[in-house]
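*Asks:* Structure provided below as structure tokens; questions to follow.
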2 protein chains.
Amino acid sequence: MSTVEKPASTPKYKVIGTRPIRHDGTDKVTGRAKYGADLRLTGMLSGVVLRSPHAHANIKSIDVSAAEALPGVRAIALCGDIPDAANKIAELGEGSVNLQHLRHNVLAENKVLYRGHAIAAVAADTIHIAEEACKLIKVEYELLPPVMTVLDAMKPDAPVLNADVKTNSLGEQTDKPSNIAKHFRFELGDIAKGFADAKVIVEREFHTATVHQGYIEPHNATAMWGQDGHVTVWCSTQGSFTVRQQVAELMHVPLGHVKVVPMEIGGGFGGKIAVYLEPVAAILSKKTGRPVKVLMNRADVFEGTGPTPGSYIKVKMGADANGKITAAEAYMAYEAGAFPGSPIGAGAMCVFACYDIPNGKIDGFDVCVNKPRTSAYRAPGATNAAMATETVIEEICEKLNMCPLDFRLKNAAKEGTRRIDGPVFPRVGMVESLEAIQNSEHWKTPLSGKNQGRGIASGFWFNCGLKSAATATVNGDGTVGLVEGSTDIGGSRTGLAMQFAEALGITVDQVVPTVADTDGVGYTDVTGGSRVTFATGWAVYEAALDISRQMCKRMAEEWEVPVDQVKYENGGVTGPDGKRLGFAEIAEKSVKHGEPIVGKGTVDPQCPGGAFATHCVDVEVDPETGKVHILRYTASQDVGTAIHPAYVEGQIQGGAVQGIGWGLNEEYFYDDKGTMRNSTFLDYRMPTCLDLPMIETILVEVPNPGHPYGVRGVGEVPIVPPPAALANAIYNAVGVRMQQLPMSPPRVMHELLKKNK
Amino acid sequence: MSTVEKPASTPKYKVIGTRPIRHDGTDKVTGRAKYGADLRLTGMLSGVVLRSPHAHANIKSIDVSAAEALPGVRAIALCGDIPDAANKIAELGEGSVNLQHLRHNVLAENKVLYRGHAIAAVAADTIHIAEEACKLIKVEYELLPPVMTVLDAMKPDAPVLNADVKTNSLGEQTDKPSNIAKHFRFELGDIAKGFADAKVIVEREFHTATVHQGYIEPHNATAMWGQDGHVTVWCSTQGSFTVRQQVAELMHVPLGHVKVVPMEIGGGFGGKIAVYLEPVAAILSKKTGRPVKVLMNRADVFEGTGPTPGSYIKVKMGADANGKITAAEAYMAYEAGAFPGSPIGAGAMCVFACYDIPNGKIDGFDVCVNKPRTSAYRAPGATNAAMATETVIEEICEKLNMCPLDFRLKNAAKEGTRRIDGPVFPRVGMVESLEAIQNSEHWKTPLSGKNQGRGIASGFWFNCGLKSAATATVNGDGTVGLVEGSTDIGGSRTGLAMQFAEALGITVDQVVPTVADTDGVGYTDVTGGSRVTFATGWAVYEAALDISRQMCKRMAEEWEVPVDQVKYENGGVTGPDGKRLGFAEIAEKSVKHGEPIVGKGTVDPQCPGGAFATHCVDVEVDPETGKVHILRYTASQDVGTAIHPAYVEGQIQGGAVQGIGWGLNEEYFYDDKGTMRNSTFLDYRMPTCLDLPMIETILVEVPNPGHPYGVRGVGEVPIVPPPAALANAIYNAVGVRMQQLPMSPPRVMHELLKKNK
């Protein structure tokens with residue numbers, strides 16, 4: 001069941017809000033869409049990466065002589081093939097990157113920092129020869145003790161991963177290397193007074209596990225380094241321009257000499273932004289003069305690419321007798337993995353963002369541990385944070401004997417609310433997302449079974465702006481080629497084509513959207529931050545306006561009237577005295593005489609949006625095994641204007657399911673040597689449809705005032721509430737408060753046994 | 001030796017006029033550039049075309065049952081797979097196309113009209129199976145007598161090729177089918193009075209042979225027809241948008257559903273504009289659901305694709321005692337090949353275009369014969385015509401005892417001259433091309449050997465305008481991606497990048513030009529008509545101006561000054577008070593904030609240009625064999641502004657060599673059944689460097705007033721003068737007037753024997 005709630009003020013659209021078949025759909029369901037692994041180039045070599053078997057070790061020496069001597073081996077890449085990048089920072093649209101850390105993550109230099117850390121790569125005539133050659137590379141290690149949790153890593157005597165990281169546990173810069181890469185603090189109001197005003201105060205500690213994005217398609221990269229110094233890279237990426245910049249900066253090549261061709265993508269969720277294989281394939285191609293393709297297997301993906309961080313979070317909140325939150329405080333330490341860069345910043349901005357809190361303090365720590373360098377994962381950092389806040393709120397409600405939905409409504413962030421980290425919200429839909437649950441048939445249907453319980457939780461995530469570009473060319477038969485730079489993970493080609501079609505009053509079938517390579521379209525930032533439908537949607541809207549202006553000018557000239565007497569409306573140009581020509585007719589004319597009509601749109605919009613979601617889940621807990629069975633799940637979300645409601649529902653369902661997996665089952669399971677013991681999809685348990693009910697969705701449409709069509713980012717926030725909602729439901733079912741993720745059967749059983757002791 | 005003559009008024013450029021290495025050079029010389037034959041797609045099938053062994057026959061039946069039964073055969077295409085297109089005309093940028101004729105040329109329906117006419121095509125697992133299957137297709141023919149020359153074909157009782165062609169020998173439309181597809185007449189002044197005023201009148205008849213463009217890369221096409229009805233075609237073409245339109249119109253698919261990906265091209269010269277294999281591959285892919293690649297071999301190219309027409313031309317010219325031409329008359333009949341459409345129109349416009357002639361009449365006939373449908377070939381129609389005019393002029397000069405160079409100077413077309421077909425020339429360089437020869441060391445060096453002679457001849461060709469589009473995106477490091485739609489045959493990527501760089505004051509190395517597919521760039525007409533450097537050059541110039549305007553606006557905002565106080569000059573933006581920022585600095589800023597900078601240019605320019613060339617050749621004729629040996633060759637040409645002089649020289653040298661081949665050796669040699677007997681490069685003799693001296697070039701730069709950089713088309717006119725120049729040289733060497741092409745040893749011998757009898 002799916003519901004779309006439109007405020008009466010929603011403008012009427014012709015294309016927006018419909019559910020056309022996606023442009024790339026047929027190719028994908030018929031197996032014809034080309035992914036990176038499908039690429040075959042003449043003379044292509046296979047590359048294989050040698051990875052560290054140890055979680056933490058110094059590299060004493062690497063001897064590649066035996067590997068080089070193996071017949072069929074064409075080249076071997078080592079870190080030294082990438083120019084030294086000490087103290088170099090690359091500014092990417094989505095943030096800055098320490099190039100030396102990136103370089104050392106791509107190929108380890110003197111130290112391996114996690115099991116799976118790439119050390120060397122071999123290009124050979126076949127993948128089998130390359131694999132054999134990897135076995136012949138002799139690496140001499142000096143083993144070091146691994147440190148696997150943030151609390152251990154923050155201890156003064158902890159083994160230290162990076163010599164250039166030097167923050168102490170107070171957040172001060174020192175001369176002594178440590179594992180604390182960053183500390184920051186947000187403060188608002190008077191925290192002491194806030195807690196003094198509280199009738200109820202709850203403080204709890206939480207631990208969340210390291211989890212992976214779990215995209216179905218492993219990373220892959222093929223590179224061809226020409227003798228003219230130009231490099232072409234084909235890969236599965238969320239940001240072709242990001243890959244271009246990282247490869248160019250790492251390899252000291254001008255940006256314009258790197259062409260990145262984005263292939264179709266089998267999922268990314270934030271994990272396909274940083275480069276792993278791309279520079280390696282480029283080095284191997286440069287050395288051999290031939291194209292080189294490198295693929296990961298599933299273990300490589302788990303052990304060698306960025307999961308999202310496990311974390312330690314302590315949250316303290318107070319509320320007065322009326323149920324108004326008076327103060328909130330959080331201490332949050334997120335795993336950076338091997339190199340600095342966890343999403344702690346975003347996590348800290350989100351932890352209390354759903355509520356209007358007058359007094360607050362948030363401490364954030366970015367902490368290195370001997371795990372793969374973490375990456376973004378759908379609303380990165382926010383899910384961990386919501387697990388803490390949303391369960392603490394439930395305890396407060398219990399103590400105040402208040403309905404948790406009423407409590408949230410009373411405290412909900414709204415237009416004008418200032419977040420503890422500073423920004424003030426414009427028109428947002430937190431209240432509406434709660435009301436939608438409150439009004440839902442789900443909420444109104446009581447639970448009656450034994451060991452059953454209901455939980456709700458809310459979540460917030462941002463709406464990124466950043467740069468996007470698009471061009472569109474009008475064909476003589478009224479079809480339009482739309483070229484844009486946002487790699488399409490979730491159907492964005494169609495969501496963009498719809499906004500473009502809406503702006504011109506044409507049908508979405510008339511639009512043929514193409515994701516161009518980096519030479520073929522203007523700079524476009526990464527597909528992430530829930531920005532594509534928002535920002536690239538705005539770019540295609542501008543391109544459409546550009547076309548309508550050109551059509552007006554052309555018709556004004558033809559009708560010999562001033563251009564201000566013609567108007568583009570309803571899919572055509574209207575002039576004085578009832579003159580009128582439709583889009584396709586003008587398109588046909590444009591082929592016969594005059595310049596081709598090409599529209600252009602470039603944007604760098606501010607991002608006043610922001611998405612709020614409230615989820616409601618019913619569970620039944622098996623008291624004999626601790627297994628949590630989901631009976632019913634409803635996700636409500638302010639989605640701004642739903643361009644393609646079916647894809648919005650799909651995003652919500654997908655995000656909720658990932659949050660459920662994170663909440664109930666998923667974790668990187670390490671042994672005491674720092675070796676992941678479950679790096680397959682058999683042992684790393686992601687939910688499938690067998691584990692889930694239908695995820696019901698309620699689309700609440702509060703148009704974003706900062707976008708021409710009211711678009712908000714919708715893709716990320718649905719992952720935020722599930723773990724907390726499940727924890728609350730489990731408490732209501734069997735009376736145990738879960739403070740560690742995942743809430744797997746053994747953990748639930750452990751709490752049940754403790755409670756019943 | 002090469003000379004560049006710049007008038008003193010030529011503006012100084014920084015990039016234009018230099019000779020940088022072409023952007024696609026390395027990939028081409030290292031064998032890395034991808035041509036159509038290099039394409040390998042997953043599941044790809046091989047297609048082979050069955051061709052007619054007869055020059056003229058009715059098809060009684062086609063039985064494909066045995067072929068279909070052969071294991072490995074996946075589909076067979078016949079004409080019936082292309083929707084009937086009776087009475088349908090497609091308007092292409094470069095002219096209109098009778099779709100039914102195109103359809104019947106792609107696959108014959110009820111009749112074969114030339115040996116090599118495609119009848120059916122087989123897609124199979126391997127090319128060998130497809131070839132075997134072709135042999136199993138049983139075609140029952142009813143043989144018809146072939147007609148192989150225009151004079152035979154115009155006879156009232158000639159066998160008729162096309163039932164829908166009905167013009168009689170007077171040029172009137174009748175009810176009786178004939179082989180005359182078109183007749184037209186151009187007239188100027190009073191032809192009778194003109195000849196009455198003449199002191200000398202010469203009238204001669206000429207026959208020229210059918211010749212092929214002889215590009216090194218055979219035609220190829222790969223198509224993938226998706227289940228969503230979208231077709232992608234990879235091919236070697238001069239016009240990706242032309243292929244798109246022809247495939248779309250033939251197959252009844254919207255334009256936007258056909259994507260044409262232009263691969264690199266191994267030569268075209270006009271012969272790669274019409275589709276041959278593209279619709280066939282598309283049908284086979286549609287039937288099989290798999291990609292299908294079809295390649296031609298050399299015999300297929302000779303026998304199945306368009307050569308340029310053989311012709312019959314009668315020219316009559318008169319001049320007064322002062323050597324002023326008083327009248328000129330031409331009767332020109334060009335082979336259309338199997339279907340109407342020879343370049344007779346252009347030939348008739350060019351035949352007298354080099355001269356200021358007050359009274360003239362030109363009759364043109366387009367005549368079907370049992371040869372492949374003719375195509376454009378470098379200045380199509382003009383070379384045949386110049387052979388006639390330029391040798392008749394020599395006879396007149398002889399009779400008047402005038403220097404042929406002085407005679408041409410006296411009569412040369414110049415600004416204000418009206419052509420017999422109507423148009424008036426703007427500033428053109430016919431006089432300058434003659435003066436350059438007059439002033440050349442070659443002209444001043446007398447010949448002294450036995451059986452040696454010198455000849456000159458001039459030629460004219462147009463400068464097409466038509467539509468072009470380009471977009472350009474500025475990268476953060478000051479490099480620029482330039483996307484354009486002109487398939488690059490002769491280095492146009494660099495010629496365009498140079499104009500773009502000039503307009504922005506940057507270096508050509510900063511520009512990375514890309515030829516996009518039809519979804520990736522605005523509509524751009526065919527690479528032909530000497531238009532790319534002119535029109536697409538103008539489009540990239542507009543795109544550069546668009547970028548400079550955006551940079552000015554951006555800097556005005558940053559400096560907080562009105563935009564009219566900033567100016568783009570010398571590769572950067574200058575503002576008041578000495579404020580100044582270079583292109584790369586602004587590019588770097590643009591990545592940090594604000595919209596990406598994307599420039600756009602679209603043009604449909606008028607074409608006031610026009611190119612004139614005068615060639616001078618010294619030959620020695622072997623009186624015992626009739627072989628003509630070229631001693632020295634100088635080609636002078638008004639090239640407008642030479643963007644990249646080395647490529648202009650290359651175009652002149654290439655064109656002159658092709659004209660020499662046409663003049664001395666090349667011809668389709670047919671037996672009495674209409675079978676070409678020399679369809680290999682062994683027997684179809686094209687000149688190689690072993691047959692030629694260095695072709696010396698003189699670039700005369702008379703800037704085209706109709707282009708921002710003064711560009712004229714340069715690629716085609718150099719093929720026009722050679723046969724006539726050679727004929728004149730042969731006369732001056734051994735005293736025989738050649739009136740038939742090629743002037744091969746047997747023909748020259750024949751004339752020598754006649755003369756000496």
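By order in the structure tokens, chains are A, B, ...; within a chain, residues start at 1; ligands start at 1, following the order shown.
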Could you list, as a CSV table (one decimal) with all heavy atoms, in the first residue's frame, every residue within 12 Å of Ala274 in chain A, counting only C-alpha atoms and ignoring same-chain residues fewer than 6 positions away?
*Replies:*
```
chain,number,residue,atom,x,y,z
A,92,LEU,N,37.3,18.5,-3.6
A,92,LEU,CA,36.2,17.9,-4.4
A,92,LEU,C,34.9,18.6,-4.1
A,92,LEU,O,34.8,19.2,-3.0
A,92,LEU,CB,36.1,16.4,-4.2
A,92,LEU,CG,37.4,15.6,-4.5
A,92,LEU,CD1,37.1,14.2,-4.2
A,92,LEU,CD2,37.7,15.8,-6.0
A,94,GLU,N,32.3,17.5,-3.0
A,94,GLU,CA,31.7,17.0,-1.8
A,94,GLU,C,32.6,17.0,-0.6
A,94,GLU,O,32.3,16.5,0.5
A,94,GLU,CB,31.1,15.6,-2.0
A,94,GLU,CG,32.2,14.6,-2.4
A,94,GLU,CD,32.6,14.6,-3.9
A,94,GLU,OE1,32.2,15.5,-4.6
A,94,GLU,OE2,33.3,13.7,-4.3
A,95,GLY,N,33.7,17.7,-0.7
A,95,GLY,CA,34.6,17.8,0.4
A,95,GLY,C,36.1,17.7,0.0
A,95,GLY,O,36.4,17.4,-1.2
A,96,SER,N,37.0,17.9,1.0
A,96,SER,CA,38.4,17.8,0.6
A,96,SER,C,38.9,16.4,0.9
A,96,SER,O,38.4,15.7,1.8
A,96,SER,CB,39.1,18.9,1.4
A,96,SER,OG,38.9,18.6,2.8
A,97,VAL,N,40.0,16.0,0.2
A,97,VAL,CA,40.5,14.7,0.3
A,97,VAL,C,42.0,14.9,0.6
A,97,VAL,O,42.7,15.6,-0.2
A,97,VAL,CB,40.3,13.9,-0.9
A,97,VAL,CG1,41.1,12.6,-0.9
A,97,VAL,CG2,38.8,13.5,-1.1
A,98,ASN,N,42.6,14.2,1.6
A,98,ASN,CA,44.0,14.2,1.8
A,98,ASN,C,44.6,13.2,0.8
A,98,ASN,O,44.4,12.0,0.9
A,98,ASN,CB,44.3,13.7,3.3
A,98,ASN,CG,45.8,13.6,3.6
A,98,ASN,OD1,46.5,13.1,2.8
A,98,ASN,ND2,46.2,14.2,4.7
A,99,LEU,N,45.3,13.8,-0.1
A,99,LEU,CA,45.8,12.9,-1.3
A,99,LEU,C,46.8,11.9,-0.9
A,99,LEU,O,46.8,10.8,-1.4
A,99,LEU,CB,46.5,13.8,-2.3
A,99,LEU,CG,45.6,14.4,-3.4
A,99,LEU,CD1,46.5,15.1,-4.5
A,99,LEU,CD2,44.8,13.3,-4.1
A,101,HIS,N,46.8,10.2,2.0
A,101,HIS,CA,46.0,9.2,2.6
A,101,HIS,C,45.3,8.4,1.4
A,101,HIS,O,45.3,7.1,1.5
A,101,HIS,CB,45.0,9.7,3.5
A,101,HIS,CG,45.6,10.2,4.8
A,101,HIS,ND1,44.9,11.1,5.7
A,101,HIS,CD2,46.8,10.0,5.4
A,101,HIS,CE1,45.7,11.4,6.7
A,101,HIS,NE2,46.9,10.8,6.5
A,102,LEU,N,44.8,9.1,0.5
A,102,LEU,CA,44.1,8.4,-0.7
A,102,LEU,C,45.1,7.5,-1.4
A,102,LEU,O,44.9,6.4,-1.7
A,102,LEU,CB,43.5,9.5,-1.6
A,102,LEU,CG,42.8,8.9,-2.9
A,102,LEU,CD1,41.6,8.0,-2.5
A,102,LEU,CD2,42.4,10.1,-3.8
A,103,ARG,N,46.3,8.1,-1.6
A,103,ARG,CA,47.4,7.3,-2.3
A,103,ARG,C,47.7,6.1,-1.5
A,103,ARG,O,47.8,5.0,-2.1
A,103,ARG,CB,48.6,8.3,-2.4
A,103,ARG,CG,49.9,7.6,-2.9
A,103,ARG,CD,51.0,8.7,-3.1
A,103,ARG,NE,52.2,8.0,-3.5
A,103,ARG,CZ,53.2,7.8,-2.6
A,103,ARG,NH1,53.2,8.2,-1.4
A,103,ARG,NH2,54.4,7.2,-3.1
A,105,ASN,N,45.9,4.5,0.5
A,105,ASN,CA,44.7,3.6,0.6
A,105,ASN,C,44.7,2.8,-0.7
A,105,ASN,O,44.3,1.6,-0.8
A,105,ASN,CB,43.4,4.3,0.8
A,105,ASN,CG,42.3,3.4,1.3
A,105,ASN,OD1,42.5,2.5,2.1
A,105,ASN,ND2,41.2,3.5,0.6
A,106,VAL,N,45.0,3.5,-1.8
A,106,VAL,CA,45.0,2.9,-3.2
A,106,VAL,C,46.1,1.8,-3.2
A,106,VAL,O,45.8,0.7,-3.7
A,106,VAL,CB,45.2,3.9,-4.3
A,106,VAL,CG1,45.5,3.2,-5.6
A,106,VAL,CG2,43.9,4.8,-4.4
A,219,HIS,N,33.2,-3.4,-7.4
A,219,HIS,CA,33.9,-2.3,-8.0
A,219,HIS,C,34.7,-2.9,-9.2
A,219,HIS,O,35.1,-4.1,-9.2
A,219,HIS,CB,35.0,-1.7,-7.1
A,219,HIS,CG,34.4,-1.0,-5.9
A,219,HIS,ND1,34.4,0.4,-5.8
A,219,HIS,CD2,33.7,-1.4,-4.8
A,219,HIS,CE1,33.8,0.8,-4.7
A,219,HIS,NE2,33.3,-0.3,-4.1
A,235,CYS,N,34.4,2.9,-15.5
A,235,CYS,CA,34.3,2.4,-14.2
A,235,CYS,C,32.9,2.5,-13.7
A,235,CYS,O,32.0,3.2,-14.3
A,235,CYS,CB,35.2,3.1,-13.2
A,235,CYS,SG,35.0,4.9,-13.1
A,236,SER,N,32.6,1.9,-12.6
A,236,SER,CA,31.3,2.0,-11.9
A,236,SER,C,31.5,3.0,-10.8
A,236,SER,O,32.1,2.8,-9.8
A,236,SER,CB,31.0,0.6,-11.3
A,236,SER,OG,29.8,0.7,-10.6
A,237,THR,N,30.9,4.2,-11.0
A,237,THR,CA,31.2,5.3,-10.0
A,237,THR,C,29.9,6.1,-9.8
A,237,THR,O,29.1,6.3,-10.7
A,237,THR,CB,32.3,6.2,-10.5
A,237,THR,OG1,32.5,7.2,-9.5
A,237,THR,CG2,32.0,6.8,-11.8
A,238,GLN,N,29.8,6.7,-8.7
A,238,GLN,CA,28.8,7.7,-8.4
A,238,GLN,C,29.1,9.1,-8.9
A,238,GLN,O,28.3,9.9,-9.0
A,238,GLN,CB,28.5,7.7,-6.9
A,238,GLN,CG,27.9,6.4,-6.4
A,238,GLN,CD,27.6,6.5,-4.9
A,238,GLN,OE1,28.1,5.6,-4.2
A,238,GLN,NE2,26.9,7.5,-4.4
A,239,GLY,N,30.4,9.3,-9.2
A,239,GLY,CA,30.8,10.6,-9.7
A,239,GLY,C,32.0,10.5,-10.7
A,239,GLY,O,33.1,10.3,-10.3
A,240,SER,N,31.6,10.6,-11.9
A,240,SER,CA,32.7,10.5,-13.0
A,240,SER,C,33.6,11.7,-12.9
A,240,SER,O,34.8,11.5,-13.1
A,240,SER,CB,32.0,10.5,-14.4
A,240,SER,OG,31.0,11.4,-14.5
A,241,PHE,N,33.2,12.8,-12.5
A,241,PHE,CA,34.1,14.0,-12.4
A,241,PHE,C,34.9,13.8,-11.1
A,241,PHE,O,36.1,14.3,-11.1
A,241,PHE,CB,33.3,15.3,-12.3
A,241,PHE,CG,32.8,15.7,-13.7
A,241,PHE,CD1,31.5,15.2,-14.1
A,241,PHE,CD2,33.5,16.5,-14.5
A,241,PHE,CE1,31.1,15.6,-15.4
A,241,PHE,CE2,33.1,16.8,-15.8
A,241,PHE,CZ,31.8,16.4,-16.2
A,242,THR,N,34.4,13.2,-10.1
A,242,THR,CA,35.2,12.9,-8.9
A,242,THR,C,36.3,11.9,-9.2
A,242,THR,O,37.5,12.1,-8.8
A,242,THR,CB,34.3,12.3,-7.8
A,242,THR,OG1,33.1,13.1,-7.7
A,242,THR,CG2,35.0,12.2,-6.5
A,243,VAL,N,36.0,10.9,-9.9
A,243,VAL,CA,37.1,9.9,-10.3
A,243,VAL,C,38.1,10.7,-11.2
A,243,VAL,O,39.3,10.5,-11.0
A,243,VAL,CB,36.4,8.8,-11.1
A,243,VAL,CG1,37.5,7.9,-11.7
A,243,VAL,CG2,35.6,7.9,-10.2
A,244,ARG,N,37.6,11.5,-12.1
A,244,ARG,CA,38.5,12.2,-13.0
A,244,ARG,C,39.5,13.0,-12.2
A,244,ARG,O,40.7,13.0,-12.4
A,244,ARG,CB,37.8,13.2,-13.9
A,244,ARG,CG,38.7,13.9,-14.9
A,244,ARG,CD,37.9,14.8,-15.8
A,244,ARG,NE,37.4,16.0,-15.1
A,244,ARG,CZ,37.0,17.1,-15.7
A,244,ARG,NH1,37.1,17.2,-17.0
A,244,ARG,NH2,36.6,18.1,-15.0
A,245,GLN,N,39.0,13.7,-11.2
A,245,GLN,CA,39.8,14.6,-10.4
A,245,GLN,C,40.8,13.8,-9.5
A,245,GLN,O,42.0,14.1,-9.4
A,245,GLN,CB,39.0,15.5,-9.5
A,245,GLN,CG,39.9,16.6,-8.8
A,245,GLN,CD,39.1,17.7,-8.2
A,245,GLN,OE1,37.9,17.8,-8.4
A,245,GLN,NE2,39.8,18.5,-7.4
A,246,GLN,N,40.3,12.7,-8.9
A,246,GLN,CA,41.2,11.9,-8.1
A,246,GLN,C,42.3,11.3,-8.9
A,246,GLN,O,43.5,11.3,-8.5
A,246,GLN,CB,40.4,10.9,-7.3
A,246,GLN,CG,39.4,11.4,-6.3
A,246,GLN,CD,38.6,10.4,-5.6
A,246,GLN,OE1,39.1,9.6,-4.7
A,246,GLN,NE2,37.4,10.3,-6.0
A,247,VAL,N,41.9,10.7,-10.1
A,247,VAL,CA,43.0,10.1,-10.9
A,247,VAL,C,44.0,11.2,-11.4
A,247,VAL,O,45.2,11.0,-11.3
A,247,VAL,CB,42.3,9.4,-12.1
A,247,VAL,CG1,43.4,9.0,-13.1
A,247,VAL,CG2,41.5,8.2,-11.6
A,268,GLY,N,25.5,1.8,-5.4
A,268,GLY,CA,26.6,2.5,-4.8
A,268,GLY,C,26.4,2.9,-3.4
A,268,GLY,O,27.2,2.6,-2.5
A,304,GLY,N,38.1,-4.5,1.2
A,304,GLY,CA,39.0,-3.5,0.6
A,304,GLY,C,38.3,-2.1,0.3
A,304,GLY,O,39.0,-1.2,-0.1
A,305,THR,N,37.0,-2.0,0.5
A,305,THR,CA,36.4,-0.8,0.2
A,305,THR,C,35.6,-0.3,1.4
A,305,THR,O,35.5,-1.0,2.4
A,305,THR,CB,35.3,-0.9,-1.0
A,305,THR,OG1,34.2,-1.6,-0.5
A,305,THR,CG2,35.9,-1.7,-2.1
A,306,GLY,N,35.2,0.9,1.4
A,306,GLY,CA,34.7,1.6,2.6
A,306,GLY,C,33.4,1.1,3.0
A,306,GLY,O,32.4,1.4,2.4
A,307,PRO,N,33.3,0.5,4.2
A,307,PRO,CA,32.0,0.3,4.9
A,307,PRO,C,31.6,1.6,5.5
A,307,PRO,O,32.3,2.6,5.4
A,307,PRO,CB,32.3,-0.7,5.9
A,307,PRO,CG,33.7,-0.5,6.3
A,307,PRO,CD,34.4,0.1,5.1
A,341,GLY,N,38.5,10.4,8.2
A,341,GLY,CA,37.4,10.8,7.3
A,341,GLY,C,36.1,10.1,7.5
A,341,GLY,O,35.4,9.8,6.5
A,373,ARG,N,39.1,2.0,5.2
A,373,ARG,CA,38.8,3.4,5.3
A,373,ARG,C,37.3,3.5,5.0
A,373,ARG,O,36.8,3.0,4.0
A,373,ARG,CB,39.5,4.1,4.2
A,373,ARG,CG,39.3,5.5,4.0
A,373,ARG,CD,40.4,6.1,3.1
A,373,ARG,NE,40.3,7.5,2.9
A,373,ARG,CZ,39.8,8.0,1.8
A,373,ARG,NH1,39.4,7.3,0.8
A,373,ARG,NH2,39.7,9.3,1.6
A,374,THR,N,36.5,4.2,5.9
A,374,THR,CA,35.1,4.2,5.7
A,374,THR,C,34.7,5.1,4.6
A,374,THR,O,35.4,6.0,4.2
A,374,THR,CB,34.4,4.7,7.0
A,374,THR,OG1,34.9,6.0,7.4
A,374,THR,CG2,34.6,3.7,8.2
A,375,SER,N,33.5,4.8,4.1
A,375,SER,CA,32.9,5.6,3.0
A,375,SER,C,31.5,6.1,3.5
A,375,SER,O,31.0,5.7,4.5
A,375,SER,CB,32.7,4.8,1.8
A,375,SER,OG,33.8,4.6,1.0
A,376,ALA,N,31.0,6.9,2.6
A,376,ALA,CA,29.6,7.3,2.8
A,376,ALA,C,28.7,6.1,2.6
A,376,ALA,O,29.0,5.2,1.9
A,376,ALA,CB,29.2,8.4,1.8
A,526,VAL,N,29.1,14.8,-7.7
A,526,VAL,CA,28.8,13.4,-7.4
A,526,VAL,C,27.3,13.1,-7.3
A,526,VAL,O,26.6,13.9,-6.9
A,526,VAL,CB,29.6,12.9,-6.2
A,526,VAL,CG1,29.0,13.6,-4.9
A,526,VAL,CG2,29.8,11.5,-6.0
```
*Asks:* Residues of chain B within 7 Å of chain A, counting only C-alpha atoms - could you list those as a PyMOL selection string?
*Replies:* chain B and resi 26+226-228+254-256+467+469+473+475+477+479-481+483+512+519-523+594-596+598+602-604
*Asks:* For the residues selected in the previous step, produce a file with C-alpha atoms as a short mmCIF file (atom, residue, chain, number, x, y, z; two decimals), in the first residue's frame.
*Replies:*
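Saved as selection_30.cif:
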```
data_model
loop_
_atom_site.label_atom_id
_atom_site.label_comp_id
_atom_site.auth_asym_id
_atom_site.auth_seq_id
_atom_site.Cartn_x
_atom_site.Cartn_y
_atom_site.Cartn_z
CA THR B 26 48.84 9.59 -31.39
CA GLY B 226 16.85 -2.74 -28.17
CA GLN B 227 13.57 -4.18 -27.04
CA ASP B 228 12.49 -0.64 -26.18
CA PRO B 254 11.53 8.50 -34.21
CA LEU B 255 14.81 10.36 -34.67
CA GLY B 256 15.42 10.39 -30.96
CA LYS B 467 24.05 23.65 -39.47
CA ALA B 469 26.59 22.85 -33.01
CA THR B 473 32.96 22.87 -20.69
CA ASN B 475 37.64 22.31 -16.34
CA ASP B 477 42.66 23.46 -14.34
CA THR B 479 41.61 22.73 -19.84
CA VAL B 480 38.38 22.67 -21.84
CA GLY B 481 36.33 19.81 -23.18
CA VAL B 483 32.17 18.67 -27.95
CA VAL B 512 40.29 18.45 -25.68
CA ASP B 519 22.56 12.05 -28.59
CA GLY B 520 25.50 14.02 -27.26
CA VAL B 521 25.62 17.16 -29.36
CA GLY B 522 23.33 19.52 -31.22
CA TYR B 523 22.32 18.81 -34.79
CA GLY B 594 29.13 29.25 -8.76
CA GLU B 595 27.75 27.47 -11.77
CA PRO B 596 29.95 25.35 -14.01
CA VAL B 598 29.59 25.67 -20.25
CA THR B 602 24.94 26.86 -32.85
CA VAL B 603 25.10 28.22 -36.39
CA ASP B 604 23.42 28.00 -39.75
#
```
*Asks:* Counting only C-alpha atoms, figure out which residue out of A:Gly266, A:Ser636, A:Asp190, A:His750 gets nearest to Glu649 in chain A.
*Replies:* A:Ser636
